[in-house]
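Enquirer: One structure, as C-alpha coordinates, below. Some questions next.
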Amino acid sequence: DQQVKQNSPSLSVQEGRISILNCDYTNSMFDYFLWYKKYPAEGPTFLISISSIKDKNEDGRFTVFLNKSAKHLSLHIVPSQPGDSAVYFCAARPSTSGTYKYIFGTGTRLKVLA
Amino acid sequence: ETGVTQSPTHLIKTRGQQVTLRCSSQSGHNTVSWYQQALGQGPQFIFQYYREEENGRGNFPPRFSGLQFPNYSSELNVNALELDDSALYLCASSQTASEAFFGQGTRLTVV
(Lines give C-alpha, C1' and ligand atoms only; values in the text may rest on other atoms or scores of the structure.)
Protein backbone atom coordinates (compact mmCIF):
# COMPACT_ATOMS: atom_id res chain seq x y z
CA ASP A 1 0.00 0.00 0.00
CA GLN A 2 1.78 3.10 -1.28
CA GLN A 3 0.86 5.93 1.07
CA VAL A 4 2.93 8.51 -0.84
CA LYS A 5 2.61 8.52 -4.60
CA GLN A 6 4.44 10.32 -7.35
CA ASN A 7 2.41 9.42 -10.39
CA SER A 8 4.65 11.04 -12.98
CA PRO A 9 7.83 8.99 -13.49
CA SER A 10 9.40 11.73 -15.60
CA LEU A 11 9.09 15.37 -16.60
CA SER A 12 10.90 17.50 -19.18
CA VAL A 13 11.03 21.29 -18.93
CA GLN A 14 12.80 24.01 -20.87
CA GLU A 15 15.52 25.96 -19.08
CA GLY A 16 14.11 29.12 -17.49
CA ARG A 17 10.56 27.78 -17.29
CA ILE A 18 8.72 26.49 -14.23
CA SER A 19 9.03 22.85 -13.14
CA ILE A 20 6.10 21.48 -11.17
CA LEU A 21 6.55 18.16 -9.39
CA ASN A 22 3.54 16.54 -7.82
CA CYS A 23 2.94 14.20 -4.93
CA ASP A 24 -0.25 12.65 -3.54
CA TYR A 25 -0.74 10.98 -0.20
CA THR A 26 -3.41 8.88 1.43
CA ASN A 27 -2.74 9.27 5.16
CA SER A 28 -4.20 12.32 6.90
CA MET A 29 -1.86 11.76 9.83
CA PHE A 30 1.29 13.07 8.13
CA ASP A 31 2.63 16.17 9.87
CA TYR A 32 5.71 17.04 7.80
CA PHE A 33 6.39 16.77 4.09
CA LEU A 34 9.90 16.96 2.65
CA TRP A 35 11.33 17.19 -0.86
CA TYR A 36 14.66 15.78 -1.96
CA LYS A 37 16.62 15.68 -5.16
CA LYS A 38 18.96 12.86 -6.01
CA TYR A 39 21.76 12.64 -8.53
CA PRO A 40 23.05 9.23 -9.64
CA ALA A 41 25.54 7.65 -7.21
CA GLU A 42 24.77 10.26 -4.54
CA GLY A 43 22.51 10.34 -1.51
CA PRO A 44 19.31 12.42 -1.52
CA THR A 45 19.82 16.15 -0.98
CA PHE A 46 17.28 17.91 1.23
CA LEU A 47 15.56 20.80 -0.58
CA ILE A 48 12.62 22.11 1.38
CA SER A 49 9.91 20.99 3.79
CA ILE A 50 6.48 22.05 4.91
CA SER A 51 4.51 21.48 8.06
CA SER A 52 0.93 20.24 7.76
CA ILE A 53 -0.26 23.43 9.46
CA LYS A 54 0.96 25.53 6.52
CA ASP A 55 -0.06 25.64 2.89
CA LYS A 56 3.05 27.20 1.39
CA ASN A 57 6.75 27.40 2.06
CA GLU A 58 9.35 29.14 -0.06
CA ASP A 59 13.13 28.98 -0.23
CA GLY A 60 14.82 30.73 -3.11
CA ARG A 61 13.79 29.09 -6.38
CA PHE A 62 11.86 26.34 -4.57
CA THR A 63 8.29 26.63 -3.34
CA VAL A 64 6.22 23.83 -1.88
CA PHE A 65 2.42 24.00 -1.83
CA LEU A 66 0.26 21.78 0.37
CA ASN A 67 -3.42 21.15 -0.30
CA LYS A 68 -4.63 19.12 2.67
CA SER A 69 -8.20 18.69 1.44
CA ALA A 70 -6.90 17.12 -1.77
CA LYS A 71 -4.03 15.33 0.02
CA HIS A 72 -1.69 16.79 -2.56
CA LEU A 73 1.57 18.66 -2.50
CA SER A 74 3.68 20.14 -5.23
CA LEU A 75 7.18 21.50 -5.62
CA HIS A 76 7.67 24.45 -7.93
CA ILE A 77 11.12 25.30 -9.26
CA VAL A 78 11.42 28.71 -10.88
CA PRO A 79 13.40 29.29 -13.01
CA SER A 80 14.50 25.78 -13.90
CA GLN A 81 18.18 25.27 -14.59
CA PRO A 82 20.02 22.37 -16.28
CA GLY A 83 21.65 21.53 -12.93
CA ASP A 84 18.18 20.80 -11.56
CA SER A 85 18.06 17.65 -13.70
CA ALA A 86 17.79 14.86 -11.14
CA VAL A 87 15.27 12.50 -9.54
CA TYR A 88 12.99 14.25 -7.06
CA PHE A 89 11.41 12.46 -4.11
CA CYS A 90 8.66 13.62 -1.82
CA ALA A 91 8.54 12.18 1.69
CA ALA A 92 6.05 12.38 4.54
CA ARG A 93 6.31 11.78 8.26
CA PRO A 94 3.51 9.99 10.13
CA SER A 95 2.71 12.16 13.16
CA THR A 96 2.04 9.04 15.23
CA SER A 97 5.44 7.50 14.57
CA GLY A 98 7.29 9.30 17.34
CA THR A 99 10.35 9.05 15.14
CA TYR A 100 11.94 10.77 12.18
CA LYS A 101 10.64 7.99 9.94
CA TYR A 102 9.71 9.26 6.50
CA ILE A 103 7.68 7.49 3.84
CA PHE A 104 8.98 8.21 0.37
CA GLY A 105 7.37 8.25 -3.04
CA THR A 106 8.97 6.47 -5.97
CA GLY A 107 10.42 9.62 -7.47
CA THR A 108 10.02 11.79 -10.57
CA ARG A 109 12.92 12.23 -12.97
CA LEU A 110 13.21 15.87 -14.03
CA LYS A 111 15.12 16.79 -17.14
CA VAL A 112 15.75 20.47 -17.76
CA LEU A 113 16.55 21.12 -21.40
CA ALA A 114 19.04 23.84 -22.29
CA GLU B 1 25.93 20.57 2.95
CA THR B 2 24.93 17.48 4.90
CA GLY B 3 27.96 16.47 6.92
CA VAL B 4 26.72 12.87 6.98
CA THR B 5 29.37 10.41 5.85
CA GLN B 6 29.01 6.71 5.14
CA SER B 7 31.52 3.95 4.58
CA PRO B 8 32.25 2.01 2.53
CA THR B 9 30.78 3.46 -0.69
CA HIS B 10 30.59 0.10 -2.42
CA LEU B 11 30.60 -3.47 -1.17
CA ILE B 12 30.20 -6.91 -2.71
CA LYS B 13 29.22 -9.81 -0.47
CA THR B 14 28.24 -13.42 -0.96
CA ARG B 15 24.82 -14.74 0.00
CA GLY B 16 24.80 -15.92 3.61
CA GLN B 17 27.57 -13.58 4.73
CA GLN B 18 27.27 -10.74 7.21
CA VAL B 19 27.95 -7.05 6.53
CA THR B 20 28.49 -3.92 8.62
CA LEU B 21 27.88 -0.45 7.24
CA ARG B 22 28.96 2.72 9.03
CA CYS B 23 27.63 6.25 9.34
CA SER B 24 28.82 9.44 10.96
CA SER B 25 25.97 11.82 11.64
CA GLN B 26 25.96 15.55 11.11
CA SER B 27 27.50 17.45 14.01
CA GLY B 28 24.99 17.93 16.83
CA HIS B 29 22.42 15.52 15.43
CA ASN B 30 21.52 12.85 17.98
CA THR B 31 19.11 10.86 15.81
CA VAL B 32 20.25 8.54 13.05
CA SER B 33 17.98 6.60 10.70
CA TRP B 34 18.80 3.94 8.15
CA TYR B 35 17.01 3.42 4.85
CA GLN B 36 17.19 0.86 2.06
CA GLN B 37 16.67 2.04 -1.50
CA ALA B 38 16.09 -0.62 -4.12
CA LEU B 39 16.47 0.23 -7.80
CA GLY B 40 13.64 2.39 -9.09
CA GLN B 41 12.09 2.82 -5.65
CA GLY B 42 12.12 5.45 -2.94
CA PRO B 43 14.08 4.88 0.26
CA GLN B 44 12.40 2.59 2.80
CA PHE B 45 12.82 3.14 6.53
CA ILE B 46 14.71 0.35 8.31
CA PHE B 47 15.09 1.76 11.83
CA GLN B 48 16.09 4.78 13.88
CA TYR B 49 18.50 5.28 16.77
CA TYR B 50 18.22 7.99 19.38
CA ARG B 51 20.70 8.28 22.21
CA GLU B 52 22.10 4.82 21.52
CA GLU B 53 18.74 3.04 21.55
CA GLU B 54 16.55 1.80 18.72
CA ASN B 55 13.29 3.75 18.96
CA GLY B 56 11.51 2.94 15.73
CA ARG B 57 11.59 0.16 13.17
CA GLY B 58 10.19 -0.41 9.72
CA ASN B 59 9.11 -3.66 8.12
CA PHE B 60 12.50 -5.36 8.13
CA PRO B 61 13.41 -8.72 9.70
CA PRO B 62 15.56 -9.04 12.84
CA ARG B 63 18.63 -9.95 10.82
CA PHE B 64 18.82 -6.20 10.20
CA SER B 65 20.25 -4.70 13.38
CA GLY B 66 22.14 -1.63 14.39
CA LEU B 67 24.08 0.29 16.95
CA GLN B 68 24.56 3.90 17.87
CA PHE B 69 27.63 5.09 19.72
CA PRO B 70 28.04 7.92 22.28
CA ASN B 71 29.33 10.23 19.52
CA TYR B 72 26.04 9.51 17.63
CA SER B 73 27.75 7.58 14.85
CA SER B 74 25.96 4.40 13.86
CA GLU B 75 26.33 0.97 12.32
CA LEU B 76 23.90 -1.13 10.31
CA ASN B 77 24.49 -4.88 10.46
CA VAL B 78 22.84 -7.36 8.16
CA ASN B 79 23.21 -11.09 8.83
CA ALA B 80 22.57 -14.02 6.51
CA LEU B 81 22.60 -11.84 3.40
CA GLU B 82 20.09 -12.60 0.68
CA LEU B 83 20.20 -11.59 -2.98
CA ASP B 84 17.27 -9.20 -2.39
CA ASP B 85 19.38 -7.27 0.12
CA SER B 86 21.26 -5.78 -2.83
CA ALA B 87 20.42 -2.08 -2.63
CA LEU B 88 21.66 1.38 -1.76
CA TYR B 89 21.77 1.81 2.03
CA LEU B 90 21.32 5.34 3.24
CA CYS B 91 21.94 6.90 6.60
CA ALA B 92 20.15 10.08 7.64
CA SER B 93 20.67 12.33 10.61
CA SER B 94 18.06 14.63 12.05
CA GLN B 95 17.56 17.13 14.80
CA THR B 96 13.99 18.12 14.00
CA ALA B 97 11.10 16.52 12.11
CA SER B 98 11.24 19.17 9.39
CA GLU B 99 14.53 18.04 7.90
CA ALA B 100 16.73 14.98 7.55
CA PHE B 101 20.14 14.95 5.91
CA PHE B 102 21.40 11.92 4.06
CA GLY B 103 24.84 10.55 3.43
CA GLN B 104 26.03 9.47 0.00
CA GLY B 105 25.02 5.87 0.66
CA THR B 106 26.64 2.45 0.50
CA ARG B 107 25.92 0.35 -2.57
CA LEU B 108 25.68 -3.28 -1.43
CA THR B 109 25.71 -6.06 -3.99
CA VAL B 110 24.98 -9.61 -2.84
CA VAL B 111 26.06 -12.36 -5.23
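Simple scheme: letters A, B, ... for chains in C-alpha coordinates order, numbers from 1 for residues in each chain, numbers from 1 for ligands in the order shown.
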Find the spatial neighbours of stretch 24-32 of chain B, counting only C-alpha atoms, within a cut-off of 6 Å - ignore same-chain residues fewer than 5 positions away - and output them as JSON, numbers by chain.

Expert: {"B": [3, 4, 5, 48, 49, 50, 72, 73, 92, 93, 94, 95]}

Enquirer: Counting only C-alpha atoms, which residues of chain A fall within 12 Å of chain B, and what is the closest atom pair for each with its distance in Å at one decimal, ordered by chain and rising number, as a tab-separated table?

Expert:
residue	atom	partner	partner_atom	distance
A:Gln2	CA	B:Gly42	CA	10.7
A:Gln3	CA	B:Gly42	CA	12.0
A:Val4	CA	B:Gly42	CA	9.9
A:Lys5	CA	B:Gly42	CA	10.1
A:Gln6	CA	B:Gly42	CA	10.1
A:Pro9	CA	B:Gly40	CA	9.8
A:Phe30	CA	B:Ala97	CA	11.1
A:Asp31	CA	B:Ala97	CA	8.8
A:Tyr32	CA	B:Ser98	CA	6.1
A:Phe33	CA	B:Ser98	CA	7.6
A:Leu34	CA	B:Glu99	CA	7.1
A:Trp35	CA	B:Glu99	CA	9.4
A:Tyr36	CA	B:Phe101	CA	9.6
A:Lys37	CA	B:Phe102	CA	11.0
A:Lys38	CA	B:Gln104	CA	9.9
A:Tyr39	CA	B:Gln104	CA	10.0
A:Pro40	CA	B:Gln104	CA	10.1
A:Ala41	CA	B:Gln104	CA	7.4
A:Glu42	CA	B:Gln104	CA	4.8
A:Gly43	CA	B:Gln104	CA	3.9
A:Pro44	CA	B:Phe102	CA	6.0
A:Thr45	CA	B:Phe102	CA	6.8
A:Phe46	CA	B:Phe101	CA	6.2
A:Leu47	CA	B:Glu99	CA	9.0
A:Ile48	CA	B:Glu99	CA	7.9
A:Ser49	CA	B:Ser98	CA	6.0
A:Ile50	CA	B:Ser98	CA	7.1
A:Ser51	CA	B:Ser98	CA	7.2
A:Ser52	CA	B:Ser98	CA	10.5
A:Asn57	CA	B:Ser98	CA	11.9
A:Val87	CA	B:Gly42	CA	10.2
A:Tyr88	CA	B:Gly42	CA	9.8
A:Phe89	CA	B:Gly42	CA	7.1
A:Cys90	CA	B:Gly42	CA	8.9
A:Ala91	CA	B:Gly42	CA	8.9
A:Ala92	CA	B:Ser98	CA	9.8
A:Arg93	CA	B:Ala97	CA	7.8
A:Pro94	CA	B:Ala97	CA	10.2
A:Ser95	CA	B:Ala97	CA	9.5
A:Thr96	CA	B:Gly56	CA	11.3
A:Ser97	CA	B:Gly56	CA	7.7
A:Gly98	CA	B:Gly56	CA	7.8
A:Thr99	CA	B:Gly56	CA	6.2
A:Tyr100	CA	B:Ala97	CA	5.8
A:Lys101	CA	B:Phe45	CA	6.3
A:Tyr102	CA	B:Phe45	CA	6.9
A:Ile103	CA	B:Gln44	CA	6.9
A:Phe104	CA	B:Gly42	CA	5.3
A:Gly105	CA	B:Gly42	CA	5.5
A:Thr106	CA	B:Gly42	CA	4.5
A:Gly107	CA	B:Gly42	CA	6.4
A:Thr108	CA	B:Gly42	CA	10.1
A:Arg109	CA	B:Gly40	CA	10.6

Enquirer: Run DSSP on the backbone and give me the residues of chain B it puts in strand (DSSP E or B), as a ChimeraX atom specification.

Expert: /B:5-7,10-13,19-24,31-37,44-50,53-57,64-68,74-78,87-96,99-102,106-110

Enquirer: Would you kindly return, as a ChimeraX atom specification, each protein, DNA or RNA residue with an atom no farther than 10 Å from any atom of A:Arg61, considering only C-alpha atoms and excluding same-chain residues fewer than 2 positions away?

Expert: /A:18,58-59,63,76-80

Enquirer: One decimal, Å: what's the distance from atom CA of B:Val19 over to atom CA of B:Leu81, could you say?

Expert: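 Value for the atom CA of B:Val19-atom CA of B:Leu81 distance: 7.8 Å.
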
Enquirer: What does the distance from atom CA of A:Asn27 to atom CA of A:Leu66 come to in Å, to one decimal?

Expert: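 A separation of 13.7 Å between them.
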